[in-house]
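One file, entry38.txt, is given below (compact mmCIF, C-alpha atoms and all ligand atoms).
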```
# COMPACT_ATOMS: atom_id res chain seq x y z
CA MET Q 20 -6.60 11.01 6.85
CA GLN Q 21 -8.02 8.28 9.11
CA ILE Q 22 -9.69 5.46 7.19
CA LEU Q 23 -10.56 2.72 9.69
CA GLU Q 24 -10.66 2.09 13.40
CA THR Q 25 -10.60 -1.29 15.16
CA PRO Q 26 -10.46 -2.03 18.90
CA ARG Q 27 -6.65 -1.61 19.02
CA LEU Q 28 -5.74 0.09 15.74
CA ILE Q 29 -6.18 3.10 13.53
CA LEU Q 30 -5.56 2.70 9.80
CA ARG Q 31 -4.71 6.05 8.23
CA GLU Q 32 -3.11 7.25 5.02
CA PHE Q 33 0.69 7.27 4.95
CA ARG Q 34 2.59 10.57 5.04
CA THR Q 35 6.09 11.15 3.71
CA GLU Q 36 7.38 11.62 7.26
CA ASP Q 37 6.44 8.00 8.14
CA VAL Q 38 9.60 6.73 6.45
CA ASP Q 39 11.64 6.05 9.61
CA ALA Q 40 8.83 4.19 11.37
CA LEU Q 41 7.95 2.16 8.26
CA ALA Q 42 11.62 1.29 7.71
CA LEU Q 43 11.55 -0.59 11.03
CA VAL Q 44 9.00 -2.89 9.37
CA LEU Q 45 10.15 -3.12 5.75
CA SER Q 46 13.93 -3.04 6.28
CA ASP Q 47 13.82 -5.92 8.78
CA ARG Q 48 15.65 -8.87 7.20
CA GLU Q 49 13.63 -11.50 9.08
CA ALA Q 50 10.25 -9.91 8.30
CA MET Q 51 11.15 -9.51 4.63
CA ARG Q 52 12.52 -13.01 4.14
CA PHE Q 53 9.80 -13.88 1.64
CA TYR Q 54 10.59 -10.79 -0.43
CA PRO Q 55 13.54 -10.55 -2.84
CA GLU Q 56 15.31 -8.41 -0.21
CA PRO Q 57 14.56 -5.97 2.61
CA PHE Q 58 13.77 -2.41 1.52
CA ASP Q 59 16.47 0.24 1.90
CA ARG Q 60 15.54 3.81 2.78
CA SER Q 61 14.85 4.88 -0.78
CA GLY Q 62 12.75 1.72 -1.26
CA VAL Q 63 10.67 2.68 1.78
CA GLU Q 64 10.26 6.23 0.41
CA GLU Q 65 9.12 4.78 -2.92
CA TRP Q 66 6.70 2.46 -1.06
CA ILE Q 67 5.06 5.47 0.60
CA GLY Q 68 5.01 7.39 -2.69
CA ARG Q 69 3.40 4.46 -4.48
CA ASN Q 70 0.64 4.36 -1.88
CA LEU Q 71 0.05 8.13 -2.04
CA ARG Q 72 -0.50 7.68 -5.79
CA ARG Q 73 -2.85 4.75 -5.12
CA TYR Q 74 -4.95 6.91 -2.75
CA ALA Q 75 -5.24 9.57 -5.46
CA LYS Q 76 -6.03 7.14 -8.26
CA ASN Q 77 -8.12 4.44 -6.54
CA GLY Q 78 -9.21 5.93 -3.23
CA HIS Q 79 -7.37 3.17 -1.36
CA GLY Q 80 -3.95 1.59 -0.95
CA LEU Q 81 -1.87 0.24 1.89
CA TRP Q 82 -2.58 2.33 4.97
CA ALA Q 83 -0.42 3.00 8.02
CA MET Q 84 -1.28 0.72 10.96
CA VAL Q 85 -1.11 2.77 14.16
CA LEU Q 86 -1.48 1.43 17.71
CA LYS Q 87 -4.17 3.39 19.52
CA GLU Q 88 -2.53 2.91 22.94
CA ASN Q 89 0.60 4.91 22.07
CA GLY Q 90 0.18 6.33 18.55
CA GLU Q 91 3.08 4.26 17.18
CA LEU Q 92 3.12 3.22 13.53
CA ILE Q 93 3.75 -0.55 13.65
CA GLY Q 94 2.92 -1.71 10.13
CA ASP Q 95 0.61 -1.40 7.21
CA CYS Q 96 -2.56 -3.01 5.97
CA GLY Q 97 -4.84 -2.10 3.12
CA LEU Q 98 -6.29 -2.71 -0.30
CA THR Q 99 -4.33 -2.58 -3.56
CA VAL Q 100 -5.15 -3.32 -7.18
CA GLN Q 101 -3.25 -6.34 -8.52
CA GLU Q 102 -3.24 -7.97 -11.94
CA VAL Q 103 -3.77 -11.72 -11.61
CA ASP Q 104 -3.97 -13.83 -14.78
CA GLY Q 105 -4.86 -10.71 -16.77
CA ALA Q 106 -7.70 -9.62 -14.47
CA SER Q 107 -7.78 -6.79 -11.94
CA GLU Q 108 -8.25 -8.01 -8.38
CA ILE Q 109 -8.25 -6.17 -5.06
CA GLU Q 110 -5.69 -7.55 -2.63
CA ILE Q 111 -5.65 -7.27 1.16
CA GLY Q 112 -2.00 -6.89 2.21
CA TYR Q 113 -0.35 -6.57 5.63
CA HIS Q 114 3.05 -6.12 7.27
CA VAL Q 115 3.61 -5.86 11.01
CA ARG Q 116 6.75 -4.83 12.92
CA ARG Q 117 8.39 -7.97 14.27
CA ASP Q 118 8.15 -7.06 17.97
CA HIS Q 119 4.35 -7.01 17.57
CA TRP Q 120 3.89 -10.35 15.82
CA GLY Q 121 1.55 -12.94 17.30
CA GLN Q 122 -0.95 -10.52 18.85
CA SER Q 123 -3.58 -10.92 16.08
CA LEU Q 124 -2.97 -7.34 14.95
CA ALA Q 125 -2.64 -8.29 11.26
CA THR Q 126 -5.87 -10.28 11.51
CA GLU Q 127 -7.69 -7.41 13.22
CA ALA Q 128 -6.59 -4.98 10.50
CA ALA Q 129 -7.19 -7.42 7.63
CA ARG Q 130 -10.76 -8.10 8.73
CA ALA Q 131 -11.47 -4.38 8.88
CA CYS Q 132 -10.06 -3.98 5.35
CA ARG Q 133 -12.15 -6.91 4.13
CA ASP Q 134 -15.33 -5.36 5.52
CA PHE Q 135 -14.37 -1.94 4.11
CA GLY Q 136 -13.66 -3.48 0.69
CA PHE Q 137 -16.97 -5.27 0.43
CA ALA Q 138 -18.93 -2.30 1.81
CA ARG Q 139 -17.27 0.45 -0.24
CA LEU Q 140 -15.83 -1.04 -3.44
CA PRO Q 141 -17.70 -2.58 -6.38
CA VAL Q 142 -16.12 -6.02 -5.94
CA GLU Q 143 -17.51 -9.49 -5.36
CA ARG Q 144 -14.15 -10.97 -4.35
CA LEU Q 145 -11.06 -9.96 -2.39
CA ILE Q 146 -7.74 -11.78 -2.54
CA SER Q 147 -4.39 -12.11 -0.78
CA LEU Q 148 -1.28 -13.15 -2.73
CA ILE Q 149 1.04 -15.19 -0.53
CA ARG Q 150 4.23 -17.20 -0.99
CA PRO Q 151 3.45 -20.83 0.01
CA GLU Q 152 6.28 -20.79 2.58
CA ASN Q 153 4.80 -17.75 4.37
CA LEU Q 154 2.78 -19.73 6.90
CA ALA Q 155 2.02 -16.77 9.20
CA SER Q 156 0.55 -14.78 6.32
CA ARG Q 157 -1.43 -17.79 5.13
CA ARG Q 158 -2.86 -18.15 8.62
CA VAL Q 159 -3.92 -14.49 8.64
CA ALA Q 160 -5.70 -15.04 5.30
CA GLU Q 161 -7.47 -18.09 6.74
CA LYS Q 162 -8.51 -16.17 9.85
CA ASN Q 163 -9.81 -13.54 7.44
CA GLY Q 164 -12.15 -16.17 6.01
CA MET Q 165 -10.15 -16.84 2.85
CA THR Q 166 -9.39 -20.14 1.14
CA ILE Q 167 -6.90 -21.03 -1.59
CA TRP Q 168 -8.29 -20.19 -5.03
CA LYS Q 169 -5.31 -20.96 -7.27
CA GLU Q 170 -1.56 -20.69 -7.66
CA VAL Q 171 0.20 -18.17 -9.88
CA ILE Q 172 3.79 -17.18 -10.66
CA ARG Q 173 4.70 -13.61 -9.77
CA VAL Q 174 8.18 -12.12 -10.02
CA GLY Q 175 9.29 -15.62 -10.97
CA LEU Q 176 8.03 -17.16 -7.73
CA PRO Q 177 4.98 -19.32 -6.94
CA HIS Q 178 2.26 -17.49 -5.02
CA LEU Q 179 -1.00 -18.82 -3.59
CA VAL Q 180 -4.03 -16.71 -4.40
CA TYR Q 181 -6.29 -16.76 -1.35
CA SER Q 182 -9.77 -15.38 -1.87
CA ILE Q 183 -13.09 -14.68 -0.23
CA ARG Q 184 -16.36 -13.83 -1.94
CA LYS Q 185 -18.69 -11.16 -0.65
CA ASP Q 186 -21.50 -13.68 -0.12
CA GLN Q 187 -19.20 -15.71 2.15
CA THR Q 188 -18.77 -12.92 4.68
CA ALA Q 189 -22.33 -12.83 6.01
CA ALA Q 190 -21.72 -15.43 8.72
CA ARG Q 191 -18.29 -14.10 9.76
C1 LIG Y 201 2.29 -12.09 8.26
C2 LIG Y 201 2.26 -11.07 9.41
C3 LIG Y 201 1.68 -9.76 8.89
C4 LIG Y 201 1.37 -11.63 10.52
O1 LIG Y 201 1.22 -10.61 11.52
P1 LIG Y 201 0.66 -10.95 12.99
O2 LIG Y 201 0.09 -9.70 13.55
O3 LIG Y 201 1.70 -11.67 13.77
O4 LIG Y 201 -0.52 -11.97 12.61
P2 LIG Y 201 -1.63 -12.58 13.59
O5 LIG Y 201 -1.12 -12.56 14.99
O6 LIG Y 201 -2.91 -11.91 13.29
O7 LIG Y 201 -1.74 -14.08 13.06
C5 LIG Y 201 -0.58 -14.86 12.81
C6 LIG Y 201 -0.96 -16.32 12.79
O8 LIG Y 201 0.09 -17.05 12.16
C7 LIG Y 201 0.54 -18.06 13.03
N1 LIG Y 201 1.94 -18.26 12.73
C8 LIG Y 201 2.96 -17.42 12.93
N2 LIG Y 201 4.11 -17.96 12.50
C9 LIG Y 201 3.80 -19.19 12.01
C10 LIG Y 201 4.55 -20.24 11.44
N3 LIG Y 201 5.86 -20.12 11.24
N4 LIG Y 201 3.90 -21.35 11.05
C11 LIG Y 201 2.56 -21.47 11.21
N5 LIG Y 201 1.79 -20.50 11.75
C12 LIG Y 201 2.41 -19.38 12.14
C13 LIG Y 201 0.26 -17.52 14.41
O9 LIG Y 201 0.24 -18.57 15.36
C14 LIG Y 201 -1.11 -16.90 14.18
O10 LIG Y 201 -2.13 -17.87 14.10
P3 LIG Y 201 -3.10 -18.23 15.35
O11 LIG Y 201 -3.79 -16.97 15.75
O12 LIG Y 201 -4.02 -19.28 14.82
O13 LIG Y 201 -2.19 -18.73 16.45
C15 LIG Y 201 3.68 -10.84 9.99
O14 LIG Y 201 4.27 -12.08 10.28
C16 LIG Y 201 4.57 -10.07 9.04
O15 LIG Y 201 4.57 -8.84 9.03
N6 LIG Y 201 5.36 -10.79 8.21
C17 LIG Y 201 6.26 -10.12 7.28
C18 LIG Y 201 5.53 -9.43 6.15
C19 LIG Y 201 4.71 -10.40 5.31
O16 LIG Y 201 5.17 -11.50 5.00
N7 LIG Y 201 3.50 -9.96 4.97
C20 LIG Y 201 2.59 -10.76 4.19
C21 LIG Y 201 2.97 -10.71 2.76
S1 LIG Y 201 1.93 -11.83 1.80
```

Can you present the structure in this file as structure tokens?
Ligand SMILES: CC(C)(COP(=O)(O)OP(=O)(O)OC[C@H]1O[C@@H](n2cnc3c(N)ncnc32)[C@H](O)[C@@H]1OP(=O)(O)O)[C@@H](O)C(=O)NCCC(=O)NCCS
Amino acid sequence: MQILETPRLILREFRTEDVDALALVLSDREAMRFYPEPFDRSGVEEWIGRNLRRYAKNGHGLWAMVLKENGELIGDCGLTVQEVDGASEIEIGYHVRRDHWGQSLATEAARACRDFGFARLPVERLISLIRPENLASRRVAEKNGMTIWKEVIRVGLPHLVYSIRKDQTAAR
């Protein structure tokens, strides 16, 4: 099911047969250097399964990022529920295949997810959880209008919590 369209991208729900294309993103050692380790094939299958369950339970999750010009799946971007300091927050997350970095594709998708979140979900705030060393991801959050809210420890590692409030989006 198609969820969002931007000038260059379609965001649609993942399907089980996306595993090979998504593995090119999530099994890439360089792209996953801020994760405990790259995902192997079964990890990618579980990733897709987790998002199918999120669609069923929450109506959203990480969606497949597809290039309109050739129909290729080149990443993911979407909205997931995350527990932060005991509260439920909605996170904008993104991963792009390395050969497409630096073309503002993550920013284009993240902005569409931000606008979707504030238009369709009963939330006043959206967040992105980012390792401090992940400068590219931090820059995407900034270009998405977010600022650092606080720092938390997740899976034993410091993470910055970037956030934006709904009333901050009017001018963007
Ligand atoms: C983070 C990620 C999604 C960004 O995707 P992208 O499509 O290249 O992002 P954009 O082109 O929209 O923006 C990237 C910005 O980061 C900047 N950037 C990239 N590498 C950087 C670095 N090492 N230091 C500082 N800035 C950096 C780019 O210059 C660009 O900013 P600019 O437009 O002001 O020049 C991509 O690098 C990725 O998939 N990383 C691996 C997965 C990941 O870490 N996801 C986030 C988890 S929190």

>> Excluding Q:Leu148 and its own-chain neighbours fewer than 2 positions away, which residues fall within 7 Å of it when counting only C-alpha atoms? Please give them as a VMD selection string.
In response: chain Q and resid 146 178 to 181

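Of the listed residues Q:Val171, Q:Val115, Q:Ile67, Q:Ala131, the one whose atoms come nearest to ligand LIG 201 (chain Y) is Q:Val115, with distances taken using all atoms listed in the file.
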
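For the choices Q:Glu170, Q:Asp37, Q:Asp59, Q:Asp95, the atom-to-atom distance to ligand LIG 201 (chain Y) is smallest for Q:Asp95 when using only C-alpha atoms and all ligand atoms.
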
> How many Å lie between atom CA of Q:Thr188 and atom C8 of ligand LIG 201 (chain Y), rounded to one decimal?
Replying inline: 23.7 Å

> Got a sec to check which residues lie within 9 Å of ligand LIG 201 (chain Y), using only C-alpha atoms and all ligand atoms, and send them as an MDAnalysis selection string?
Replying inline: chainID Q and resid 44:45 47 49:54 94:96 111:129 147:150 152:162 178

> Rounded to one decimal in Å, what is the spacing between atom CA of Q:Trp82 and atom CA of Q:Arg144?
Replying inline: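 It comes out at 19.9 Å.
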
> Which one of Q:Leu43, Q:Ile93, Q:Arg48, Q:Lys185 sits closest to Q:Ala138 if you count all atoms listed in the file?
Replying inline: Q:Lys185

> Could you pull the residues within 8 Å of stretch 62-64 of chain Q, counting all atoms listed in the file, minus those fewer than 5 positions along the same chain, as a ChimeraX atom specification?
Replying inline: /Q:35,38,41-42,45-46

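We find atom CA of Q:Phe58 and atom CA of Q:Val100 to be spaced 20.8 Å apart.
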
>> Could you check the closest approach to Q:Leu92 for each of Q:Arg34, Q:Arg130, Q:Arg173, Q:Arg60 and tell me which residue wins, using all atoms listed in the file?
In response: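 Closest candidate: Q:Arg34.
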
>> Residues within 10 Å of Q:Leu71, please, as a ChimeraX atom specification. Count all atoms listed in the file; anything in the same chain fewer than 5 positions from it doesn't count.
In response: /Q:32-35,65-66,76,78-82

> Is there a way to get, as a ChimeraX atom specification, all residues within 9 Å of the point (-21.9, -7.9, -4.8) in file coordinates, counting only C-alpha atoms?
Replying inline: /Q:137,141-144,184-186

> Between Q:Asp39, Q:Asp104, Q:Glu24, Q:Glu91, which one has atoms that come closest to Q:Lys169, using all atoms listed in the file?
Replying inline: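 Closest candidate: Q:Asp104.
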
Work out where the centre of an axis-aligned box around every listed atom of stretch 180-190 of chain Q lies and how long its edges are once 6 Å is added on each side; give both in Å to one decimal as JSON.
```
{"center_x": -13.2, "center_y": -14.0, "center_z": 2.2, "size_x": 30.3, "size_y": 17.6, "size_z": 25.1}
```
